[in-house]
>>> print(open('input_14.txt').read())   # compact mmCIF, C-alpha atoms
# COMPACT_ATOMS: atom_id res chain seq x y z
CA MET V 1 95.51 110.93 45.01
CA LEU V 2 91.86 110.91 46.06
CA GLN V 3 91.01 108.14 43.60
CA ARG V 4 93.96 106.16 44.90
CA LEU V 5 92.83 106.58 48.51
CA LYS V 6 89.31 105.43 47.65
CA SER V 7 90.63 102.11 46.34
CA MET V 8 93.07 101.41 49.21
CA THR V 9 92.56 99.17 52.21
CA ARG V 10 93.61 99.86 55.79
CA GLY V 11 96.76 97.79 55.43
CA GLU V 12 97.75 99.52 52.20
CA ILE V 13 97.23 102.96 53.78
CA GLU V 14 99.35 102.06 56.80
CA ASP V 15 102.15 100.74 54.57
CA SER V 16 102.06 103.57 52.03
CA PHE V 17 102.11 106.66 54.27
CA ASP V 18 104.14 107.90 57.17
CA ILE V 19 101.62 107.79 60.01
CA SER V 20 103.34 110.21 62.34
CA GLY V 21 100.28 111.94 63.77
CA LYS V 22 99.31 111.68 67.40
CA LYS V 23 97.01 108.80 68.18
CA GLY V 24 93.72 109.88 69.68
CA LYS V 25 91.07 107.94 71.51
CA GLU V 26 89.23 107.12 68.27
CA GLY V 27 92.04 107.00 65.69
CA THR V 28 95.03 108.71 64.06
CA THR V 29 95.11 111.65 61.65
CA PHE V 30 98.02 111.95 59.19
CA ARG V 31 98.95 113.66 55.94
CA ALA V 32 98.47 111.94 52.54
CA GLY V 33 99.58 114.34 49.86
CA GLN V 34 97.23 117.36 49.71
CA TYR V 35 94.67 115.50 51.87
CA ALA V 36 94.46 114.44 55.47
CA VAL V 37 93.31 110.95 56.43
CA LYS V 38 91.74 110.07 59.75
CA LEU V 39 92.19 106.33 60.25
CA PHE V 40 89.87 104.97 62.93
CA LYS V 41 90.40 101.90 65.02
CA SER V 42 89.31 98.70 63.34
CA THR V 43 86.89 98.04 66.22
CA LYS V 44 84.96 101.28 65.71
CA ALA V 45 81.41 100.74 64.50
CA SER V 46 80.71 101.70 60.89
CA SER V 47 77.63 103.66 61.95
CA LYS V 48 79.75 105.87 64.24
CA VAL V 49 82.22 106.53 61.42
CA LYS V 50 79.39 107.67 59.17
CA THR V 51 77.81 109.81 61.90
CA GLU V 52 81.09 111.61 62.60
CA ALA V 53 81.63 112.27 58.89
CA ASP V 54 78.08 113.64 58.54
CA LEU V 55 78.43 116.02 61.51
CA GLN V 56 81.80 117.24 60.22
CA SER V 57 80.25 117.88 56.82
CA MET V 58 77.50 119.96 58.50
CA ALA V 59 80.18 122.01 60.25
CA ALA V 60 82.23 122.31 57.04
CA ALA V 61 79.18 123.79 55.27
CA LYS V 62 79.50 126.79 57.62
CA GLY V 63 83.28 127.04 57.18
CA VAL V 64 84.03 125.62 60.63
CA ALA V 65 85.65 122.24 59.78
CA PRO V 66 87.73 120.95 56.82
CA VAL V 67 85.67 119.58 53.95
CA VAL V 68 85.10 115.78 53.90
CA HIS V 69 85.87 114.26 50.47
CA TYR V 70 85.44 110.52 51.11
CA VAL V 71 84.21 108.16 53.84
CA SER V 72 84.94 104.40 53.99
CA THR V 73 82.73 102.62 56.48
CA THR V 74 84.31 99.23 55.66
CA GLN V 75 87.97 100.26 55.94
CA LYS V 76 87.13 102.83 58.66
CA PHE V 77 88.75 106.07 57.45
CA ILE V 78 87.80 109.62 56.34
CA VAL V 79 89.57 111.74 53.69
CA MET V 80 89.41 115.53 54.23
CA ASP V 81 91.25 118.76 53.39
CA ALA V 82 94.71 118.99 54.93
CA LEU V 83 95.61 121.83 57.31
CA SER V 84 98.98 123.25 58.24
CA GLN V 85 99.46 123.06 62.03
CA THR V 86 97.73 123.11 65.40
CA ILE V 87 97.41 126.28 67.41
CA VAL V 88 99.34 124.56 70.20
CA ASP V 89 102.36 124.02 67.96
CA LYS V 90 102.29 127.64 66.83
CA GLY V 91 101.94 128.91 70.39
CA LYS V 92 104.83 126.80 71.67
CA ARG V 93 107.06 127.83 68.80
CA GLU V 94 106.28 131.53 69.34
CA LYS V 95 106.32 131.15 73.16
CA TRP V 96 102.85 132.46 73.86
CA THR V 97 101.89 133.42 77.41
CA LYS V 98 98.46 134.69 76.35
CA LEU V 99 96.06 133.71 73.56
CA PRO V 100 96.26 136.46 70.92
CA GLU V 101 93.11 138.54 70.42
CA ALA V 102 92.84 137.52 66.76
CA TYR V 103 92.60 133.83 67.60
CA ALA V 104 90.22 134.47 70.50
CA ALA V 105 87.91 136.33 68.07
CA GLN V 106 88.09 133.52 65.49
CA LEU V 107 87.33 130.87 68.13
CA TYR V 108 84.27 132.79 69.32
CA ALA V 109 83.01 133.27 65.75
CA LEU V 110 83.49 129.55 64.98
CA CYS V 111 81.41 128.57 68.02
CA LYS V 112 78.63 130.91 66.83
CA ARG V 113 78.79 129.29 63.35
CA LEU V 114 78.52 125.82 64.93
CA ASP V 115 75.30 126.93 66.60
CA ALA V 116 74.01 128.02 63.21
CA ALA V 117 75.06 124.63 61.71
CA GLY V 118 73.15 122.76 64.40
CA VAL V 119 76.18 120.83 65.74
CA VAL V 120 77.71 120.78 69.23
CA GLN V 121 81.42 119.92 68.88
CA ASN V 122 81.65 118.86 72.57
CA ASP V 123 85.47 118.30 72.66
CA GLY V 124 87.41 121.39 73.74
CA ASN V 125 90.91 119.94 73.37
CA PRO V 126 93.19 122.74 72.02
CA LEU V 127 94.82 120.18 69.71
CA ASN V 128 91.54 120.24 67.76
CA LEU V 129 92.14 123.88 66.79
CA MET V 130 94.11 123.92 63.53
CA LEU V 131 95.34 126.60 61.14
CA ASP V 132 95.68 126.63 57.37
CA GLY V 133 98.52 128.21 55.42
CA ASN V 134 97.10 131.74 55.96
CA GLY V 135 96.62 131.31 59.71
CA ARG V 136 92.85 130.87 59.46
CA MET V 137 91.40 128.71 62.27
CA TYR V 138 89.32 125.51 61.92
CA ILE V 139 87.83 123.09 64.45
CA ILE V 140 88.39 119.37 63.78
CA ASP V 141 87.46 116.05 65.43
CA TYR V 142 83.72 115.46 65.71
CA GLY V 143 83.87 112.08 67.42
CA PHE V 144 81.92 113.41 70.46
CA ALA V 145 79.76 115.84 68.49
CA LYS V 146 75.98 115.84 68.67
CA LYS V 147 73.14 117.49 66.82
CA ILE V 148 71.52 120.45 68.49
CA THR V 149 68.04 119.31 69.45
CA ALA V 150 65.27 120.92 71.45
CA ALA V 151 66.50 119.12 74.56
CA VAL V 152 70.01 120.53 74.05
CA LYS V 153 68.68 124.07 73.64
CA LYS V 154 66.55 123.68 76.74
CA LYS V 155 69.61 122.74 78.77
CA ARG V 156 72.30 124.93 77.11
CA GLY V 157 70.27 127.81 75.72
CA SER V 158 70.28 129.19 72.21
CA GLN V 159 74.10 129.13 72.05
CA PRO V 160 75.07 125.65 73.29
CA ASN V 161 78.60 125.86 71.83
CA VAL V 162 79.26 129.04 73.83
CA ASN V 163 77.94 127.32 76.93
CA LEU V 164 79.95 124.12 76.43
CA THR V 165 82.55 124.16 73.61
CA LEU V 166 83.93 127.70 74.13
CA TRP V 167 84.07 127.20 77.90
CA HIS V 168 85.99 123.92 77.44
CA PHE V 169 88.52 125.44 74.97
CA SER V 170 89.12 128.41 77.26
CA ARG V 171 89.78 126.18 80.23
CA GLN V 172 92.03 123.64 78.47
CA MET V 173 94.25 126.26 76.82
CA ARG V 174 95.44 127.29 80.28
CA HIS V 175 97.06 123.86 80.61
CA TYR V 176 99.38 124.98 77.80
CA ARG V 177 99.88 128.33 79.61
CA PHE V 178 97.87 130.24 77.03
CA GLU V 179 96.06 132.67 79.32
CA ASN V 180 92.73 134.03 78.07
CA ASN V 181 89.62 135.78 79.38
CA LEU V 182 86.98 134.08 77.23
CA THR V 183 85.28 132.49 80.25
CA GLU V 184 84.91 135.75 82.20
CA ARG V 185 84.34 137.91 79.15
CA ILE V 186 81.71 135.81 77.36
CA VAL V 187 80.75 132.45 78.96
CA ASN V 188 79.92 133.70 82.47
CA LYS V 189 77.86 136.60 81.08
CA TYR V 190 76.02 134.28 78.72
CA MET V 191 75.20 131.87 81.57
CA LYS V 192 73.19 134.55 83.36
CA ASP V 193 70.38 134.84 80.81
CA ASN V 194 71.55 132.68 77.81
CA SER V 195 71.35 135.70 75.52
CA PHE V 196 74.63 137.64 75.82
CA VAL V 197 76.59 138.29 72.58
CA ASP V 198 79.91 140.12 72.36
CA GLN V 199 79.16 141.74 69.02
CA GLU V 200 82.49 143.55 68.73
CA LEU V 201 84.54 140.37 69.15
CA LEU V 202 82.17 138.44 66.90
CA ASP V 203 82.50 140.92 64.05
CA LYS V 204 86.29 140.82 64.30
CA GLY V 205 86.26 137.04 64.17
CA GLU V 206 84.02 136.97 61.11
CA ARG V 207 86.30 139.33 59.24
CA LEU V 208 89.29 137.09 59.96
CA LEU V 209 87.45 133.89 59.00
CA GLY V 210 86.22 135.25 55.70
CA PRO V 211 83.00 134.42 53.91
CA ILE V 212 81.32 131.04 54.36
CA GLY V 213 82.26 128.56 51.66
CA ALA V 214 85.77 129.86 51.08
CA ALA V 215 88.23 127.02 50.59
CA PRO V 216 91.12 126.80 53.02
CA ALA V 217 94.48 127.96 51.85
CA ALA V 218 96.42 125.21 50.18
CA VAL V 219 99.33 123.89 52.17
CA VAL V 220 102.10 122.91 49.82
CA LYS V 221 105.36 121.65 51.12
CA ALA V 222 108.17 123.34 49.33
CA PRO V 223 110.63 120.81 47.97
CA ALA V 224 113.87 120.84 49.79
CA SER V 225 116.35 122.63 47.57
CA ARG V 226 119.60 120.90 47.24
CA LYS V 227 122.53 123.17 47.79
CA LYS V 228 125.03 122.92 45.02
CA LYS V 229 128.47 122.40 46.23
CA PRO V 230 130.93 124.96 44.86
CA PRO V 231 133.41 123.49 42.42
CA ALA V 232 136.44 122.36 44.22
CA ALA V 233 139.45 124.46 43.43
CA ILE V 234 142.22 122.59 41.77
CA LYS V 235 145.01 122.32 44.20
CA LYS V 236 148.52 122.23 42.93
CA LYS V 237 150.46 119.37 44.18
CA SER V 238 153.01 120.64 46.57
CA PRO V 239 156.28 118.79 46.90
CA PRO V 240 156.39 116.46 49.82
CA PRO V 241 158.10 117.93 52.86
CA ALA V 242 161.70 117.02 53.41
CA VAL V 243 162.04 114.12 55.69
CA THR V 244 164.50 114.84 58.45
CA PRO V 245 166.10 111.79 59.97
CA PRO V 246 165.38 111.31 63.62
CA PRO V 247 168.21 112.23 66.04
CA MET V 248 170.61 109.49 66.83
CA GLY V 249 170.16 108.11 70.21
CA ARG V 250 171.33 105.19 72.16
CA LYS V 251 169.38 102.15 71.48
CA LYS V 252 167.84 100.80 74.53
CA LYS V 253 168.46 97.18 75.04
CA PRO V 254 165.36 95.20 75.44
CA PRO V 255 164.97 93.93 78.96
CA ALA V 256 166.50 90.51 79.38
CA LEU V 257 163.96 87.87 79.83
CA ARG V 258 164.44 85.88 82.95
CA LYS V 259 164.66 82.24 82.26
CA LYS V 260 162.44 80.31 84.44
CA LYS V 261 164.11 77.36 86.05
CA PRO V 262 162.35 74.15 85.50
CA PRO V 263 160.72 73.00 88.66
CA THR V 264 162.90 70.45 90.44
CA ALA V 265 161.22 67.31 91.40
CA ARG V 266 161.05 67.01 95.11
CA LYS V 267 162.46 63.86 96.53
CA LYS V 268 159.96 61.98 98.47
CA LYS V 269 161.09 60.92 101.86
CA PRO V 270 160.83 57.21 102.43
CA VAL V 271 157.94 56.38 104.61
CA VAL V 272 159.16 54.42 107.59
CA THR V 273 156.50 52.22 108.99
CA GLU V 274 157.15 50.84 112.40
CA THR V 275 155.84 47.43 113.06
CA PRO V 276 153.89 47.53 116.27
CA VAL V 277 155.26 45.34 119.02
CA ALA V 278 152.82 42.70 119.96
CA ARG V 279 151.70 43.11 123.49
CA LYS V 280 151.78 40.13 125.74
CA LYS V 281 148.47 39.16 127.02
CA LYS V 282 148.16 39.33 130.72
CA THR V 283 147.16 36.08 132.33
CA ASN V 284 146.11 35.50 135.88
CA ARG V 285 148.90 33.24 136.93
CA VAL V 286 149.25 31.55 140.29
CA ILE V 287 152.98 31.03 140.98
CA LEU V 288 153.80 28.09 143.27
CA GLU V 289 157.26 27.29 144.52
CA SER V 290 158.83 23.94 145.29
CA ASP V 291 160.96 23.55 148.48
CA THR V 292 163.39 21.06 147.03
CA ASP V 293 164.52 21.89 143.49
CA ASP V 294 164.50 24.81 140.95
CA SER V 295 162.81 22.64 138.42
CA ASP V 296 159.90 22.21 140.79
CA ASP V 297 159.14 25.97 140.74
CA SER V 298 156.00 26.41 138.70
CA ASP V 299 152.83 28.34 138.13
CA TRP V 300 149.70 26.67 139.19
CA VAL V 301 146.49 26.92 137.31
CA PRO V 302 143.31 25.01 137.99
CA GLU V 303 142.32 22.02 135.90
CA TYR V 304 138.97 20.27 135.95
CA ASP V 305 138.27 16.63 136.24
CA ASP V 306 134.97 15.25 135.04
CA SER V 307 135.49 11.80 136.66
CA ASP V 308 134.08 12.72 140.08
CA SER V 309 130.51 13.71 140.80
CA ASP V 310 129.00 16.09 143.32
CA ASP V 311 128.31 13.25 145.78
CA SER V 312 132.03 12.31 146.18
CA ASP V 313 133.39 15.75 147.10
CA SER V 314 136.30 15.46 149.57
CA ASP V 315 137.16 17.65 152.49
CA GLU V 316 140.03 19.19 150.50
CA ASP V 317 137.65 20.39 147.87
CA ARG V 318 135.47 22.04 150.48
CA ASP V 319 138.57 23.69 152.04
CA THR V 320 139.54 25.21 148.70
CA SER V 321 136.06 26.65 148.03
CA ALA V 322 137.49 30.14 148.34
CA SER V 323 139.79 29.56 145.40
CA ARG V 324 136.88 28.47 143.22
CA LYS V 325 135.40 31.98 143.30
CA THR V 326 138.32 33.40 141.33
CA ALA V 327 138.72 30.39 139.06
CA PRO V 328 136.66 30.11 135.90
CA SER V 329 133.21 28.61 136.23
CA LYS V 330 133.04 24.87 135.91
CA LYS V 331 130.36 22.45 135.15
CA LYS V 332 128.64 20.39 137.81
CA GLY V 333 130.69 17.33 138.94
CA GLN V 334 134.13 18.88 138.11
CA ARG V 335 136.99 19.22 140.61
CA ALA V 336 139.82 21.73 140.53
CA HIS V 337 143.43 20.46 140.22
CA TYR V 338 146.55 22.47 139.64
CA ARG V 339 149.11 22.12 136.91
CA GLN V 340 152.63 23.32 137.41
CA HIS V 341 154.44 25.61 134.95
CA VAL V 342 158.13 26.12 135.55
CA GLN V 343 159.49 29.66 135.65
CA LYS V 344 163.08 29.38 134.50
CA ASP V 345 163.84 33.07 134.00
CA THR V 346 163.39 34.10 137.62
CA THR V 347 165.62 33.69 140.66
CA LEU V 348 164.83 31.55 143.60
CA GLU V 349 163.99 34.49 145.81
CA GLU V 350 161.58 35.88 143.26
CA ARG V 351 159.87 32.56 142.94
CA ILE V 352 159.55 32.20 146.73
CA ARG V 353 158.08 35.71 146.97
CA ALA V 354 155.67 35.00 144.16
CA ARG V 355 154.63 31.78 145.76
CA LYS V 356 153.86 33.50 149.05
CA ASN V 357 151.78 36.14 147.28
CA ALA V 358 149.92 33.47 145.37
CA PHE V 359 149.04 31.43 148.42
CA LYS V 360 147.54 34.40 150.16
CA LYS V 361 144.53 34.02 147.85
CA TYR V 362 143.80 30.51 148.87
CA LYS V 363 142.92 28.94 152.19
CA LEU V 364 144.92 25.75 152.56
CA SER V 365 144.29 22.97 155.08
CA LYS V 366 146.75 22.31 157.90
CA ASP V 367 147.64 18.94 156.49
>>> encode(input="input_14.txt", output="structure tokens")
Amino acid sequence: MLQRLKSMTRGEIEDSFDISGKKGKEGTTFRAGQYAVKLFKSTKASSKVKTEADLQSMAAAKGVAPVVHYVSTTQKFIVMDALSQTIVDKGKREKWTKLPEAYAAQLYALCKRLDAAGVVQNDGNPLNLMLDGNGRMYIIDYGFAKKITAAVKKKRGSQPNVNLTLWHFSRQMRHYRFENNLTERIVNKYMKDNSFVDQELLDKGERLLGPIGAAPAAVVKAPASRKKKPPAAIKKKSPPPAVTPPPMGRKKKPPALRKKKPPTARKKKPVVTETPVARKKKTNRVILESDTDDSDDSDWVPEYDDSDSDDSDSDEDRDTSASRKTAPSKKKGQRAHYRQHVQKDTTLEERIRARKNAFKKYKLSKD
């Protein structure tokens, strides 16, 4: 498997394995057979991949981290020993309310070994605490790790991982409700003079970790055993049950369907259009009456004569000037005459009355 992983590209690794691990800030760690593969982001610098692998190898030499077997700076992945589970998963499954003393002792001993390896892990996420098949603890993920230099010792003392890494683990485990007293018991006492060592807890942790250089317990997934189905008992064919006829009952007649009558065509009423009666135009008539005969009864309307000019106006024309106001306008040099229209449908009395009413509008001369 290791030789196969060395020859694979990023795309082949992603297609060949079930990458079900949690994605971190720098990459994803997943299982590949008996190994674990940490696949970094493609944008991560090759120098940072190599630096992380080197620091993890320094920690693995002291039995703190899983051993690194292969590093690919071009495809950006690291192959290391596989571990069983995180301490968080174990604590949730067993419903921890307090960090057990055995794991507190191992964590303290691992931080002391990191000081001896010259590496500050610098990432106290409890998910970075993993267990092998025997329950032995390891610290993984060295993406933020640094070498212990003189400047680091000046700032953190001779035990920089107790000052920083142990304090961070103790604090973050309380987010998972794993209560512990590592801060009060060790870190705060160490901060006073940078020399405190809890020798009793350290010795217990070293016994549980085992000697340096011991390989982690192999984690082998047991193949899922297939349960054999018991042979099916031969069942004798039983005779079919006697079919009893259903009780006689009155057959219900299906409901009669109502026949829909075809829609009758409605007779359209004839549209009666009344022809409007033409109204008679009203005309301003002047009714004049003759004294002698019925045929002389007539309506008088003015006529105009263009033969005379303005200079030959008679006295009669001047006397009838009042009637010219109601008559239509005439051109200069025209005189008004009257034309008689006979009214045959009226009686004599009506014509006399109409004549009187008509002559009230005009001023006639005495002659």
>>> residues_around(input="input_14.txt", residues="Ser42 of chain V", least_positions_apart="2", cutoff="7 Å", atoms="only C-alpha atoms", output="JSON, numbers by chain")
{"V": [40, 44, 76]}
>>> atom_distance(input="input_14.txt", atom1="atom CA of Ser57 of chain V", atom2="atom CA of Thr28 of chain V")
18.8 Å
>>> residues_around(input="input_14.txt", residues="Tyr70 of chain V", least_positions_apart="4", cutoff="8 Å", atoms="all atoms listed in the file", output="list in words")
Lys6, Ile78, Val79 and Met80 of chain V
>>> residues_around(input="input_14.txt", residues="Ala59 of chain V", least_positions_apart="4", cutoff="6 Å", atoms="all atoms listed in the file", output="ChimeraX atom specification")
/V:64-65,117
>>> atom_distance(input="input_14.txt", atom1="atom CA of Gly11 of chain V", atom2="atom CA of Lys41 of chain V")
12.2 Å
>>> closest_residue(input="input_14.txt", among="V:Gly213, V:Gly205, V:Trp167, V:Ala151", to="Gly124 of chain V", atoms="all atoms listed in the file")
V:Trp167
>>> closest_residue(input="input_14.txt", among="V:Ser7, V:Arg31, V:Arg136, V:Lys98", to="Thr74 of chain V", atoms="all atoms listed in the file")
V:Ser7
>>> residues_around(input="input_14.txt", residues="Arg4 of chain V", least_positions_apart="3", cutoff="12 Å", atoms="all atoms listed in the file", output="number ranges by chain")
V: 1, 7-9, 12-13, 16, 32-33, 35, 70, 79
>>> residues_around(input="input_14.txt", residues="Ile212 of chain V", least_positions_apart="6", cutoff="8 Å", atoms="all atoms listed in the file", output="list in words")
Ala61, Lys62 and Gly63 of chain V
>>> atom_distance(input="input_14.txt", atom1="atom CA of Met191 of chain V", atom2="atom CA of Glu52 of chain V")
28.4 Å
>>> closest_residue(input="input_14.txt", among="V:Val152, V:Val187, V:Val49, V:Leu2", to="Val119 of chain V", atoms="only C-alpha atoms")
V:Val152
>>> closest_residue(input="input_14.txt", among="V:Phe169, V:Tyr176, V:Phe196, V:Trp96", to="Asn128 of chain V", atoms="only C-alpha atoms")
V:Phe169
>>> closest_residue(input="input_14.txt", among="V:Asp81, V:Glu184, V:Asp115, V:Glu94", to="Ala215 of chain V", atoms="only C-alpha atoms")
V:Asp81
